[in-house]
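Dropping work.txt in here (compact mmCIF, C-alpha atoms):
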```
# COMPACT_ATOMS: atom_id res chain seq x y z
CA MET A 2 -12.10 -49.58 -5.45
CA SER A 3 -10.73 -52.33 -3.23
CA TRP A 4 -13.16 -53.69 -0.64
CA ARG A 5 -10.41 -54.95 1.59
CA PRO A 6 -9.82 -51.76 3.62
CA THR A 7 -13.57 -51.40 4.16
CA LEU A 8 -13.77 -54.98 5.38
CA PHE A 9 -10.85 -54.37 7.75
CA VAL A 10 -12.55 -51.30 9.17
CA LEU A 11 -15.87 -53.14 9.59
CA ALA A 12 -14.13 -56.07 11.27
CA ALA A 13 -12.34 -53.63 13.56
CA ALA A 14 -15.64 -51.92 14.40
CA PHE A 15 -17.22 -55.29 15.22
CA LEU A 16 -14.28 -56.21 17.46
CA ALA A 17 -14.30 -52.75 19.05
CA VAL A 18 -17.98 -53.04 20.04
CA PHE A 19 -17.39 -56.55 21.39
CA LEU A 20 -14.40 -55.39 23.46
CA GLU A 21 -16.34 -52.40 24.80
CA ALA A 22 -19.13 -54.71 25.95
CA SER A 23 -16.97 -57.54 27.26
CA PHE A 24 -13.99 -55.92 28.92
CA GLY A 25 -14.34 -53.33 31.63
CA PHE A 26 -10.69 -52.28 31.95
CA PHE A 27 -11.25 -48.62 31.09
CA ARG A 28 -14.59 -48.62 32.92
CA ASN A 29 -12.88 -49.83 36.09
CA LEU A 30 -9.90 -47.51 35.64
CA PHE A 31 -11.58 -44.25 34.62
CA GLY A 32 -15.20 -44.88 35.54
CA ALA A 33 -16.26 -44.66 31.89
CA GLN A 34 -16.03 -46.88 28.83
CA ILE A 35 -14.18 -45.54 25.78
CA ASP A 36 -15.94 -45.72 22.42
CA LEU A 37 -13.61 -46.64 19.56
CA LEU A 38 -16.10 -46.10 16.73
CA PRO A 39 -15.48 -42.31 16.38
CA ALA A 40 -11.73 -42.95 16.01
CA LEU A 41 -12.43 -45.54 13.32
CA MET A 42 -14.76 -43.10 11.61
CA VAL A 43 -12.06 -40.41 11.51
CA TYR A 44 -9.69 -42.88 9.83
CA THR A 45 -12.35 -44.06 7.39
CA ALA A 46 -13.48 -40.55 6.45
CA LEU A 47 -9.90 -39.41 5.80
CA THR A 48 -8.80 -42.53 3.96
CA LEU A 49 -11.68 -44.40 2.36
CA GLY A 50 -14.76 -43.50 0.36
CA PHE A 51 -18.39 -42.60 0.93
CA THR A 52 -19.58 -46.23 0.90
CA SER A 53 -17.13 -47.17 3.63
CA ILE A 54 -18.31 -44.27 5.80
CA LEU A 55 -21.91 -45.27 5.28
CA LEU A 56 -21.26 -48.93 6.07
CA LEU A 57 -19.24 -48.12 9.18
CA ALA A 58 -21.90 -45.72 10.47
CA VAL A 59 -24.79 -48.13 9.86
CA CYS A 60 -23.11 -51.38 10.94
CA GLY A 61 -21.07 -49.90 13.80
CA GLY A 62 -24.03 -47.92 15.10
CA LEU A 63 -26.41 -50.86 14.96
CA TRP A 64 -23.92 -53.24 16.57
CA PHE A 65 -23.29 -50.75 19.37
CA ASP A 66 -26.99 -50.09 19.98
CA SER A 67 -27.86 -53.80 19.90
CA LEU A 68 -25.76 -54.38 23.03
CA SER A 69 -26.96 -51.19 24.69
CA LEU A 70 -30.23 -49.80 26.00
CA ASN A 71 -29.93 -47.02 23.40
CA PRO A 72 -32.87 -46.89 20.99
CA LEU A 73 -31.80 -48.95 17.96
CA GLY A 74 -30.24 -46.59 15.42
CA ALA A 75 -29.42 -43.80 17.87
CA SER A 76 -25.66 -44.12 17.26
CA VAL A 77 -25.94 -44.36 13.47
CA LEU A 78 -26.75 -40.75 12.62
CA PRO A 79 -24.06 -39.09 14.81
CA LEU A 80 -21.41 -41.39 13.33
CA LEU A 81 -22.66 -40.67 9.83
CA VAL A 82 -22.64 -36.89 10.40
CA ILE A 83 -19.07 -37.03 11.79
CA GLY A 84 -17.94 -39.12 8.83
CA ILE A 85 -19.57 -36.93 6.20
CA LEU A 86 -18.28 -33.69 7.76
CA ILE A 87 -14.70 -34.97 7.78
CA TYR A 88 -15.09 -36.48 4.30
CA GLN A 89 -16.35 -33.17 2.89
CA SER A 90 -13.33 -31.27 4.14
CA ARG A 91 -10.66 -33.95 3.95
CA GLU A 92 -8.68 -32.13 1.28
CA LEU A 93 -8.11 -29.35 3.79
CA LEU A 94 -7.07 -31.70 6.60
CA MET A 95 -3.52 -32.91 7.06
CA ARG A 96 -4.13 -36.61 7.28
CA GLU A 97 -0.56 -37.64 8.08
CA HIS A 98 -0.04 -35.16 10.94
CA LEU A 99 -0.36 -36.49 14.47
CA PRO A 100 -1.89 -33.28 15.95
CA ALA A 101 -4.56 -33.28 13.23
CA GLN A 102 -5.37 -36.91 13.97
CA LEU A 103 -5.52 -36.22 17.71
CA ILE A 104 -7.74 -33.16 17.38
CA LEU A 105 -10.09 -34.88 14.96
CA GLY A 106 -10.25 -37.93 17.24
CA VAL A 107 -11.07 -35.80 20.29
CA ALA A 108 -13.68 -33.82 18.36
CA ALA A 109 -15.31 -36.98 16.99
CA GLY A 110 -15.20 -38.67 20.41
CA ALA A 111 -16.84 -35.61 21.96
CA ALA A 112 -19.48 -35.20 19.25
CA GLN A 113 -20.57 -38.85 19.07
CA PRO A 114 -22.00 -39.20 22.63
CA LEU A 115 -23.60 -35.76 22.41
CA GLY A 116 -25.37 -36.69 19.19
CA THR A 117 -26.47 -40.05 20.54
CA LEU A 118 -27.80 -38.49 23.75
CA PHE A 119 -29.62 -35.84 21.74
CA ILE A 120 -31.37 -38.57 19.73
CA CYS A 121 -32.08 -40.61 22.90
CA LEU A 122 -33.70 -37.63 24.60
CA ASN A 123 -35.73 -36.83 21.49
CA ALA A 124 -36.82 -40.46 21.23
CA GLY A 125 -38.40 -40.14 24.66
CA VAL A 126 -35.96 -42.25 26.69
CA ARG A 127 -34.28 -40.87 29.80
CA PRO A 128 -30.63 -41.86 30.12
CA LEU A 129 -28.66 -41.66 33.37
CA LEU A 130 -27.30 -38.11 33.23
CA GLY A 131 -25.68 -36.00 35.94
CA TRP A 132 -22.52 -34.05 36.63
CA VAL A 133 -20.54 -37.25 36.26
CA SER A 134 -21.63 -37.41 32.63
CA LEU A 135 -19.23 -34.52 32.05
CA TRP A 136 -16.37 -36.73 33.26
CA HIS A 137 -17.62 -39.62 31.08
CA TRP A 138 -17.69 -37.22 28.13
CA ILE A 139 -14.10 -36.06 28.74
CA VAL A 140 -12.86 -39.66 29.08
CA MET A 141 -14.63 -40.65 25.86
CA ALA A 142 -13.26 -37.65 23.95
CA VAL A 143 -9.68 -38.09 25.20
CA GLY A 144 -9.86 -41.85 24.71
CA SER A 145 -11.05 -41.41 21.16
CA GLY A 146 -8.29 -38.83 20.56
CA ALA A 147 -5.68 -41.29 21.79
CA ALA A 148 -7.13 -44.15 19.74
CA THR A 149 -7.24 -42.23 16.44
CA PRO A 150 -3.46 -42.14 15.72
CA LEU A 151 -3.30 -45.82 16.68
CA CYS A 152 -5.99 -46.54 14.09
CA PHE A 153 -3.97 -44.70 11.45
CA ILE A 154 -0.77 -46.58 12.31
CA LEU A 155 -2.49 -49.97 12.43
CA PHE A 156 -4.60 -49.67 9.28
CA ASP A 157 -1.92 -47.95 7.21
CA ARG A 158 0.50 -50.75 8.06
CA LEU A 159 -2.15 -53.33 7.27
CA ARG A 160 -2.84 -51.70 3.92
CA ARG A 161 0.85 -51.54 3.08
CA ALA A 162 1.27 -55.18 4.02
CA LEU A 163 -1.70 -56.54 2.12
CA GLU A 164 -2.15 -54.28 -0.89
CA TYR A 165 -0.14 -53.76 -4.01
CA GLN A 166 1.93 -50.62 -3.75
CA PRO A 167 2.19 -48.32 -6.78
CA ALA A 168 5.59 -48.68 -8.44
CA THR A 169 7.84 -45.77 -7.47
CA GLN A 170 9.85 -43.95 -10.11
CA THR A 171 13.35 -45.29 -10.33
CA SER A 172 16.38 -43.00 -10.28
CA PHE A 173 17.84 -44.91 -13.25
CA ARG A 174 17.99 -42.84 -16.41
CA PRO A 175 18.93 -44.58 -19.67
CA ASP A 176 20.60 -41.45 -21.06
CA ARG A 177 23.04 -41.42 -18.09
CA GLU A 178 24.04 -45.04 -18.54
CA ILE A 179 27.76 -45.55 -19.01
CA LYS A 180 28.22 -47.77 -21.94
CA ARG A 181 31.47 -49.66 -22.10
CA GLY A 182 33.26 -50.91 -25.15
CA LYS A 183 32.83 -49.80 -28.76
CA SER A 184 29.33 -49.29 -29.94
CA MET B 29 -17.42 -33.94 -3.04
CA LEU B 30 -20.74 -35.74 -2.49
CA LYS B 31 -22.55 -36.76 -5.63
CA LYS B 32 -26.28 -36.65 -6.21
CA SER B 33 -26.53 -40.42 -5.69
CA HIS B 34 -24.77 -40.02 -2.34
CA TYR B 35 -27.38 -37.53 -1.17
CA ILE B 36 -30.16 -39.93 -2.18
CA ILE B 37 -28.51 -42.76 -0.20
CA LEU B 38 -28.01 -40.44 2.78
CA ILE B 39 -31.68 -39.44 2.78
CA PHE B 40 -32.65 -43.12 2.54
CA VAL B 41 -30.44 -44.02 5.54
CA VAL B 42 -31.76 -41.10 7.60
CA VAL B 43 -35.36 -42.13 6.87
CA LEU B 44 -34.52 -45.75 7.72
CA VAL B 45 -33.02 -44.71 11.08
CA LEU B 46 -36.03 -42.51 11.85
CA VAL B 47 -38.32 -45.47 11.11
CA LEU B 48 -36.19 -47.67 13.39
CA LEU B 49 -36.46 -45.12 16.18
CA GLN B 50 -40.25 -45.15 15.88
CA LEU B 51 -40.66 -48.94 16.07
CA PRO B 52 -42.46 -50.36 19.12
CA GLY B 53 -40.43 -51.68 22.07
CA GLY B 54 -41.14 -55.38 21.44
CA THR B 55 -40.00 -55.26 17.83
CA ILE B 56 -36.91 -53.26 18.77
CA GLY B 57 -36.06 -55.82 21.47
CA LYS B 58 -36.27 -58.68 18.96
CA LEU B 59 -34.23 -56.74 16.40
CA LYS B 60 -31.57 -55.95 18.99
CA LEU B 61 -31.32 -59.60 20.00
CA ALA B 62 -31.05 -60.62 16.35
CA ILE B 63 -28.26 -58.13 15.63
CA SER B 64 -26.37 -58.80 18.85
CA GLY B 65 -26.60 -62.52 17.99
CA LEU B 66 -23.71 -61.84 15.61
CA PHE B 67 -21.50 -61.48 18.68
CA LEU B 68 -22.38 -64.95 20.00
CA PRO B 69 -19.26 -66.70 18.63
CA LEU B 70 -17.07 -64.04 20.24
CA PHE B 71 -18.94 -64.27 23.54
CA GLY B 72 -18.55 -68.06 23.39
CA LEU B 73 -14.85 -67.72 22.73
CA SER B 74 -14.48 -65.23 25.57
CA ASN B 75 -16.36 -67.55 27.95
CA SER B 76 -14.26 -70.55 26.96
CA THR B 77 -11.05 -68.58 27.47
CA HIS B 78 -12.31 -67.37 30.83
CA GLU B 79 -13.16 -70.93 31.89
CA TRP B 80 -9.86 -72.26 30.62
CA LEU B 81 -7.96 -69.59 32.55
CA GLY B 82 -10.02 -70.37 35.64
CA GLN B 83 -9.20 -74.07 35.34
CA ALA B 84 -5.53 -73.28 34.83
CA LYS B 85 -5.58 -71.11 37.95
CA GLU B 86 -7.37 -73.82 39.93
CA GLY B 87 -4.63 -76.25 38.95
CA LEU B 88 -2.15 -74.11 40.82
CA VAL B 89 -4.02 -74.20 44.16
CA PRO B 90 -2.08 -76.33 46.70
CA ARG B 91 -3.63 -79.56 47.99
CA HIS B 92 -3.86 -78.47 51.64
CA GLU B 93 -5.75 -75.34 50.58
CA LEU B 94 -8.23 -77.45 48.59
CA LEU B 95 -8.73 -79.79 51.55
CA ARG B 96 -9.36 -76.80 53.82
CA GLN B 97 -11.92 -75.45 51.37
CA ILE B 98 -13.65 -78.85 51.14
CA ASP B 99 -13.93 -79.00 54.94
CA GLN B 100 -15.34 -75.48 55.03
CA LEU B 101 -17.86 -76.24 52.29
CA ARG B 102 -18.90 -79.48 54.01
CA LEU B 103 -19.60 -77.54 57.19
CA GLU B 104 -21.53 -74.87 55.28
CA ASN B 105 -23.48 -77.57 53.47
CA GLN B 106 -24.54 -79.16 56.76
CA GLN B 107 -25.62 -75.80 58.15
CA LEU B 108 -27.62 -75.04 55.00
CA GLN B 109 -29.30 -78.46 55.10
CA LEU B 110 -30.40 -77.80 58.67
CA ARG B 111 -31.69 -74.39 57.66
CA LEU B 112 -33.50 -75.96 54.68
CA GLN B 113 -35.27 -78.44 56.96
CA GLN B 114 -36.32 -75.56 59.21
CA GLU B 115 -37.42 -73.53 56.20
CA ALA B 116 -39.52 -76.43 54.90
CA GLN B 117 -41.35 -76.55 58.22
CA ILE B 118 -41.91 -72.77 58.18
CA TRP B 119 -43.02 -72.94 54.55
CA GLY B 120 -45.59 -75.61 55.35
CA GLU B 121 -46.82 -73.67 58.38
CA ASN B 122 -47.04 -70.50 56.31
CA ALA B 123 -49.03 -72.25 53.57
CA ARG B 124 -51.41 -73.80 56.17
CA LEU B 125 -51.99 -70.45 57.91
CA ARG B 126 -52.48 -68.64 54.60
CA GLY B 127 -55.03 -71.30 53.65
CA GLU B 128 -56.89 -70.82 56.94
CA VAL B 129 -56.97 -67.02 56.58
CA GLY B 130 -57.89 -67.31 52.90
CA TRP B 131 -54.82 -65.57 51.55
CA GLN B 132 -53.20 -66.47 48.25
CA ARG B 133 -50.42 -69.07 48.52
CA GLN B 134 -46.88 -67.75 48.13
CA ILE B 135 -45.01 -68.83 45.02
CA ARG B 136 -41.82 -70.81 45.52
CA TRP B 137 -39.23 -69.35 43.15
CA ARG B 138 -36.80 -71.53 41.23
CA PRO B 139 -33.37 -69.94 40.72
CA VAL B 140 -31.50 -70.36 37.43
CA LEU B 141 -27.80 -69.54 37.32
CA ALA B 142 -26.72 -67.28 34.44
CA ARG B 143 -23.33 -66.01 33.37
CA VAL B 144 -22.82 -62.33 32.52
CA ILE B 145 -21.52 -62.17 28.95
CA ALA B 146 -21.57 -58.44 28.17
CA ARG B 147 -22.17 -55.04 29.70
CA ASP B 148 -23.79 -51.99 28.16
CA PRO B 149 -21.07 -50.23 26.16
CA ALA B 150 -22.79 -46.85 26.63
CA ASN B 151 -21.95 -44.95 29.81
CA TRP B 152 -25.47 -43.64 30.37
CA TRP B 153 -27.23 -46.98 30.88
CA ARG B 154 -26.87 -49.75 33.46
CA SER B 155 -27.60 -53.06 31.78
CA LEU B 156 -25.97 -56.35 30.92
CA GLU B 157 -26.47 -59.49 28.87
CA ILE B 158 -26.73 -63.00 30.33
CA ASP B 159 -26.36 -66.38 28.66
CA ARG B 160 -29.86 -67.70 29.47
CA GLY B 161 -32.98 -67.22 27.40
CA LEU B 162 -36.31 -68.67 26.34
CA LYS B 163 -34.98 -72.22 26.17
CA ASP B 164 -34.12 -71.99 29.89
CA GLY B 165 -37.61 -70.78 30.73
CA LEU B 166 -36.78 -67.09 31.08
CA ARG B 167 -39.27 -64.38 30.22
CA ALA B 168 -39.38 -60.61 30.57
CA ASN B 169 -39.62 -58.93 34.00
CA LEU B 170 -38.17 -61.79 36.05
CA PRO B 171 -36.08 -60.69 39.05
CA VAL B 172 -32.31 -61.10 38.83
CA LEU B 173 -30.21 -61.34 41.99
CA THR B 174 -27.00 -62.54 43.57
CA SER B 175 -26.58 -64.14 46.98
CA ASP B 176 -26.03 -60.59 48.33
CA GLY B 177 -29.23 -59.08 47.03
CA LEU B 178 -31.30 -57.75 44.14
CA VAL B 179 -29.48 -56.86 40.92
CA GLY B 180 -32.19 -56.01 38.40
CA ARG B 181 -34.82 -57.52 36.15
CA VAL B 182 -34.90 -59.26 32.79
CA GLN B 183 -35.77 -56.87 29.97
CA ASN B 184 -35.56 -58.62 26.56
CA VAL B 185 -35.42 -62.38 26.15
CA GLY B 186 -33.89 -64.19 23.19
CA GLU B 187 -33.56 -67.90 22.52
CA THR B 188 -30.26 -68.28 24.36
CA ARG B 189 -29.59 -64.78 25.77
CA SER B 190 -31.39 -62.07 27.69
CA SER B 191 -30.74 -58.48 28.60
CA VAL B 192 -31.01 -57.37 32.22
CA VAL B 193 -31.69 -53.82 33.43
CA LEU B 194 -29.68 -53.17 36.57
CA LEU B 195 -30.64 -51.25 39.67
CA GLY B 196 -29.59 -47.64 39.15
CA ASP B 197 -30.80 -47.50 35.57
CA PRO B 198 -33.55 -44.97 34.89
CA ASN B 199 -35.63 -47.77 33.30
CA LEU B 200 -35.91 -49.73 36.55
CA ARG B 201 -37.98 -48.68 39.55
CA VAL B 202 -38.61 -51.02 42.46
CA ALA B 203 -41.13 -50.73 45.28
CA ALA B 204 -39.11 -51.06 48.48
CA LEU B 205 -39.72 -51.48 52.18
CA VAL B 206 -37.59 -50.06 55.01
CA GLY B 207 -37.58 -51.07 58.64
CA GLY B 208 -38.49 -54.15 60.63
CA SER B 209 -41.68 -55.07 62.41
CA THR B 210 -42.40 -51.49 63.53
CA ASN B 211 -42.10 -48.12 61.79
CA VAL B 212 -42.27 -49.60 58.33
CA GLU B 213 -41.81 -47.16 55.47
CA THR B 214 -42.33 -47.74 51.75
CA GLY B 215 -40.69 -45.97 48.86
CA ILE B 216 -39.51 -46.35 45.30
CA ILE B 217 -35.95 -47.31 44.39
CA ALA B 218 -34.83 -45.14 41.49
CA ALA B 219 -31.62 -44.17 39.72
CA ASN B 220 -29.28 -41.91 41.68
CA VAL B 221 -29.48 -39.18 39.06
CA SER B 222 -28.07 -36.50 41.38
CA ALA B 223 -24.79 -38.39 41.83
CA PRO B 224 -24.58 -41.38 39.48
CA GLN B 225 -20.78 -41.44 39.94
CA GLU B 226 -21.25 -43.15 43.28
CA GLU B 227 -20.97 -46.74 42.20
CA GLY B 228 -23.33 -48.94 44.17
CA MET B 229 -25.53 -46.08 45.40
CA ILE B 230 -29.16 -45.57 44.47
CA ASP B 231 -31.97 -43.31 45.65
CA LEU B 232 -34.97 -44.39 47.68
CA ASP B 233 -37.60 -41.87 46.76
CA LEU B 234 -41.18 -41.05 47.77
CA LEU B 235 -40.73 -41.81 51.46
CA SER B 236 -43.13 -40.03 53.77
CA GLY B 237 -41.89 -36.93 55.57
CA ALA B 238 -42.44 -38.57 58.97
CA ASN B 239 -38.69 -39.25 59.48
CA LEU B 240 -39.15 -42.92 60.31
CA VAL B 241 -36.15 -44.02 58.28
CA ARG B 242 -32.72 -44.19 59.92
CA PRO B 243 -29.22 -44.74 58.44
CA GLY B 244 -28.17 -48.37 58.62
CA GLN B 245 -31.68 -49.76 58.20
CA SER B 246 -32.14 -52.55 55.66
CA VAL B 247 -34.07 -51.99 52.45
CA VAL B 248 -35.89 -54.95 50.92
CA THR B 249 -38.32 -55.40 48.04
CA TRP B 250 -41.91 -54.68 48.99
CA GLY B 251 -43.57 -57.11 46.61
CA ALA B 252 -46.08 -54.57 45.32
CA GLY B 253 -46.35 -54.51 41.55
CA GLY B 254 -45.97 -58.24 41.07
CA VAL B 255 -42.52 -58.19 39.45
CA PHE B 256 -40.29 -58.69 42.47
CA PRO B 257 -41.21 -61.05 45.31
CA ALA B 258 -41.23 -59.43 48.75
CA GLY B 259 -38.21 -59.57 51.01
CA ILE B 260 -35.26 -59.61 48.59
CA PRO B 261 -32.46 -57.52 50.15
CA ILE B 262 -31.64 -54.36 48.20
CA GLY B 263 -29.21 -52.54 50.50
CA LYS B 264 -28.83 -50.32 53.54
CA ILE B 265 -29.80 -46.70 54.13
CA VAL B 266 -26.75 -44.40 54.10
CA ASP B 267 -28.32 -40.98 54.70
CA ILE B 268 -31.62 -39.16 54.44
CA ARG B 269 -32.53 -35.73 53.11
CA PRO B 270 -35.86 -33.93 53.11
CA LYS B 271 -37.52 -33.16 49.80
CA GLU B 272 -40.25 -30.78 48.67
CA TYR B 273 -39.95 -28.56 51.79
CA GLY B 274 -40.11 -31.56 54.14
CA LEU B 275 -43.27 -33.06 52.64
CA SER B 276 -41.38 -36.16 51.62
CA THR B 277 -37.99 -37.72 52.28
CA GLU B 278 -35.36 -39.17 50.02
CA ALA B 279 -32.67 -41.60 51.15
CA ARG B 280 -29.45 -42.83 49.62
CA VAL B 281 -29.08 -46.59 49.66
CA LYS B 282 -25.84 -48.56 49.46
CA LEU B 283 -26.61 -51.61 47.32
CA ALA B 284 -26.06 -55.03 48.89
CA ALA B 285 -24.85 -56.53 45.60
CA ASP B 286 -21.71 -55.23 43.90
CA LEU B 287 -22.98 -54.42 40.42
CA SER B 288 -19.54 -53.58 39.04
CA ALA B 289 -18.17 -57.07 39.67
CA LEU B 290 -21.00 -59.29 38.45
CA GLU B 291 -19.91 -62.48 36.76
CA GLU B 292 -22.79 -64.80 37.60
CA VAL B 293 -26.36 -63.97 38.60
CA TRP B 294 -29.49 -65.87 39.58
CA VAL B 295 -32.70 -65.42 37.64
CA MET B 296 -35.75 -66.30 39.74
CA LEU B 297 -38.33 -68.34 37.86
CA PRO B 298 -41.82 -68.68 39.37
```

Would you mind writing the structure in this file as structure tokens?
Amino acid sequence: MSWRPTLFVLAAAFLAVFLEASFGFFRNLFGAQIDLLPALMVYTALTLGFTSILLLAVCGGLWFDSLSLNPLGASVLPLLVIGILIYQSRELLMREHLPAQLILGVAAGAAQPLGTLFICLNAGVRPLLGWVSLWHWIVMAVGSGAATPLCFILFDRLRRALEYQPATQTSFRPDREIKRGKS
Amino acid sequence: MLKKSHYIILIFVVVLVLVLLQLPGGTIGKLKLAISGLFLPLFGLSNSTHEWLGQAKEGLVPRHELLRQIDQLRLENQQLQLRLQQEAQIWGENARLRGEVGWQRQIRWRPVLARVIARDPANWWRSLEIDRGLKDGLRANLPVLTSDGLVGRVQNVGETRSSVVLLGDPNLRVAALVGGSTNVETGIIAANVSAPQEEGMIDLDLLSGANLVRPGQSVVTWGAGGVFPAGIPIGKIVDIRPKEYGLSTEARVKLAADLSALEEVWVMLP
């Protein structure tokens, strides 16, 4: 197994967490910050292996929680559950289809904050929750849904550009070759 | 599709996360600072870019505008120096009177300027990271403010960075005072859980039911509890509503400082 795609995904997760903490464009525009980790997890679970899912969940979750008031580790388990669920049924999912990517992205983006909040509440911390949290939740789910196809486009292109492609079968057949002259 | 070894690793990770969740607050704070330290190069790069862009923008300001600003600042500086002289006299008088009455001397706070380097990526917390830490003399629970008013308090302190809990976060409660010389009311500033969508609004809870508070009145820190010095502006009362069948009152407060546009803050060192 090549480690390169996993490293790309981890680097993207690191950058995603940094951008979420540093730039408030979506926060100022929609009143809520979009989390890109669920979208990355959808891509990883449909494309890469178990180790990549595990690394993304642990590293991404810890990076996110380290810059947040979340209890450390609260984001790890929801990401891991999302990744494993998609990984388990990835043979049934149409990876290349845009609607499938969108729906999975929305579902992952909706499930991630719910899982994290569930862990936060069970860990005894009281996050800021109200009716507006519903709006935050919708923005996060839709944002994740929109980001998922972008992840597929970006990483698939990156993989094609940087990895050896399997040789495709040529249409040349030796038995159909026209041989000129006397044999 | 999962193998037996995968299940073992999964169980190990789940146990590890559960252990992490059970760790005490101090250890978690240190761990968080250590992990978020990985982002330092990126924060540094972001800051440098920000500064470079600022300098490039400043280069485009016309000369007459700069001269006008210098004149304005000179005037402001003179006014502030006069006020400082007056304040020094009042400070001395206050210290002398406190000494005569036998009260404890007031502490003169030393402000340290800090730049905001990151905000909480989660939507259900109000916190941020600043670029000052232990080496600048910071420690936990120091008040953080802008020239407009109170912003929050320092939560975790690292060597070169600290995290700040902002007003409006459920983890921060501040004893507050409303009113002037007469009809003084005290209450607790807490997160506006009923309507957290109102940016810059917080609740002032546990006011008495005597209806002494009026919209437009200023809210300042009370000084009780020892974390925040008395008299730091918090905001102004917007409206009041009775609570618990009129036994107590709750007020909405419009914050003096704009928490959504913080770029630099002052940390008050004793």

Write out as a compact mmCIF listing (two decimals) with C-alpha atoms, in the coordinates of the input every residue belonging to chain B that has an atom at most 8 Å from any atom of chain A, counting all atoms listed in the file.
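result-v5.txt, freshly written:
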```txt
# COMPACT_ATOMS: atom_id res chain seq x y z
CA MET B 29 -17.42 -33.94 -3.04
CA LEU B 30 -20.74 -35.74 -2.49
CA HIS B 34 -24.77 -40.02 -2.34
CA VAL B 42 -31.76 -41.10 7.60
CA VAL B 45 -33.02 -44.71 11.08
CA LEU B 46 -36.03 -42.51 11.85
CA LEU B 48 -36.19 -47.67 13.39
CA LEU B 49 -36.46 -45.12 16.18
CA GLN B 50 -40.25 -45.15 15.88
CA ILE B 56 -36.91 -53.26 18.77
CA LEU B 59 -34.23 -56.74 16.40
CA LYS B 60 -31.57 -55.95 18.99
CA LEU B 61 -31.32 -59.60 20.00
CA ILE B 63 -28.26 -58.13 15.63
CA SER B 64 -26.37 -58.80 18.85
CA PHE B 67 -21.50 -61.48 18.68
CA LEU B 70 -17.07 -64.04 20.24
CA PHE B 71 -18.94 -64.27 23.54
CA ILE B 145 -21.52 -62.17 28.95
CA ALA B 146 -21.57 -58.44 28.17
CA ARG B 147 -22.17 -55.04 29.70
CA ASP B 148 -23.79 -51.99 28.16
CA PRO B 149 -21.07 -50.23 26.16
CA ALA B 150 -22.79 -46.85 26.63
CA ASN B 151 -21.95 -44.95 29.81
CA TRP B 152 -25.47 -43.64 30.37
CA TRP B 153 -27.23 -46.98 30.88
CA SER B 155 -27.60 -53.06 31.78
CA GLU B 157 -26.47 -59.49 28.87
CA ASP B 197 -30.80 -47.50 35.57
CA PRO B 198 -33.55 -44.97 34.89
CA ASN B 199 -35.63 -47.77 33.30
CA ALA B 219 -31.62 -44.17 39.72
CA VAL B 221 -29.48 -39.18 39.06
CA SER B 222 -28.07 -36.50 41.38
CA ALA B 223 -24.79 -38.39 41.83
CA PRO B 224 -24.58 -41.38 39.48
CA GLN B 225 -20.78 -41.44 39.94
```

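If you look at CA of Leu108 (chain B) and CA of Ala142 (chain B), they are 22.0 Å away from each other.
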
What does the distance between CA of Arg5 (chain A) and CA of Gly84 (chain A) come to in Å, to one decimal place?
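These atoms are spaced 19.0 Å apart.
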
Considering all atoms listed in the file, return as a PyMOL selection string whatever protein or nucleic-acid residues lie within 12 Å of Leu47 (chain A), sequence-local ones (same chain, fewer than 2 positions apart) excluded.
chain A and resi 40-45+49-51+53-54+83-98+101-102+105-106+149+152-153+157

Just to confirm, what's the straight-line distance from CA of Phe156 (chain A) to CA of Val10 (chain A) in Å (one decimal)?
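Value for the CA of Phe156 (chain A)-CA of Val10 (chain A) distance: 8.1 Å.
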
Determine, counting all atoms listed in the file, which protein, DNA and RNA residues have an atom within 9 Å of an atom of Asn239 (chain B); residues of the same chain fewer than 3 positions away are not included. Present the result as a PyMOL selection string.
chain B and resi 235-236+242+268+270+276-277

Excluding region 179-182 of chain B and residues on its chain fewer than 3 positions from it, collect all residues at most 6 Å away from it, counting only C-alpha atoms, and give them as an MDAnalysis selection string.
chainID B and resid 168:173 191:195

Rank A:Ala108, A:Ala14, A:Ala58, A:Leu8 by their smallest atom-to-atom distance to Ala46 (chain A), using only C-alpha atoms, and report the top residue only.
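Once distances to Ala46 (chain A) are computed over only C-alpha atoms, the minimum belongs to A:Ala58.
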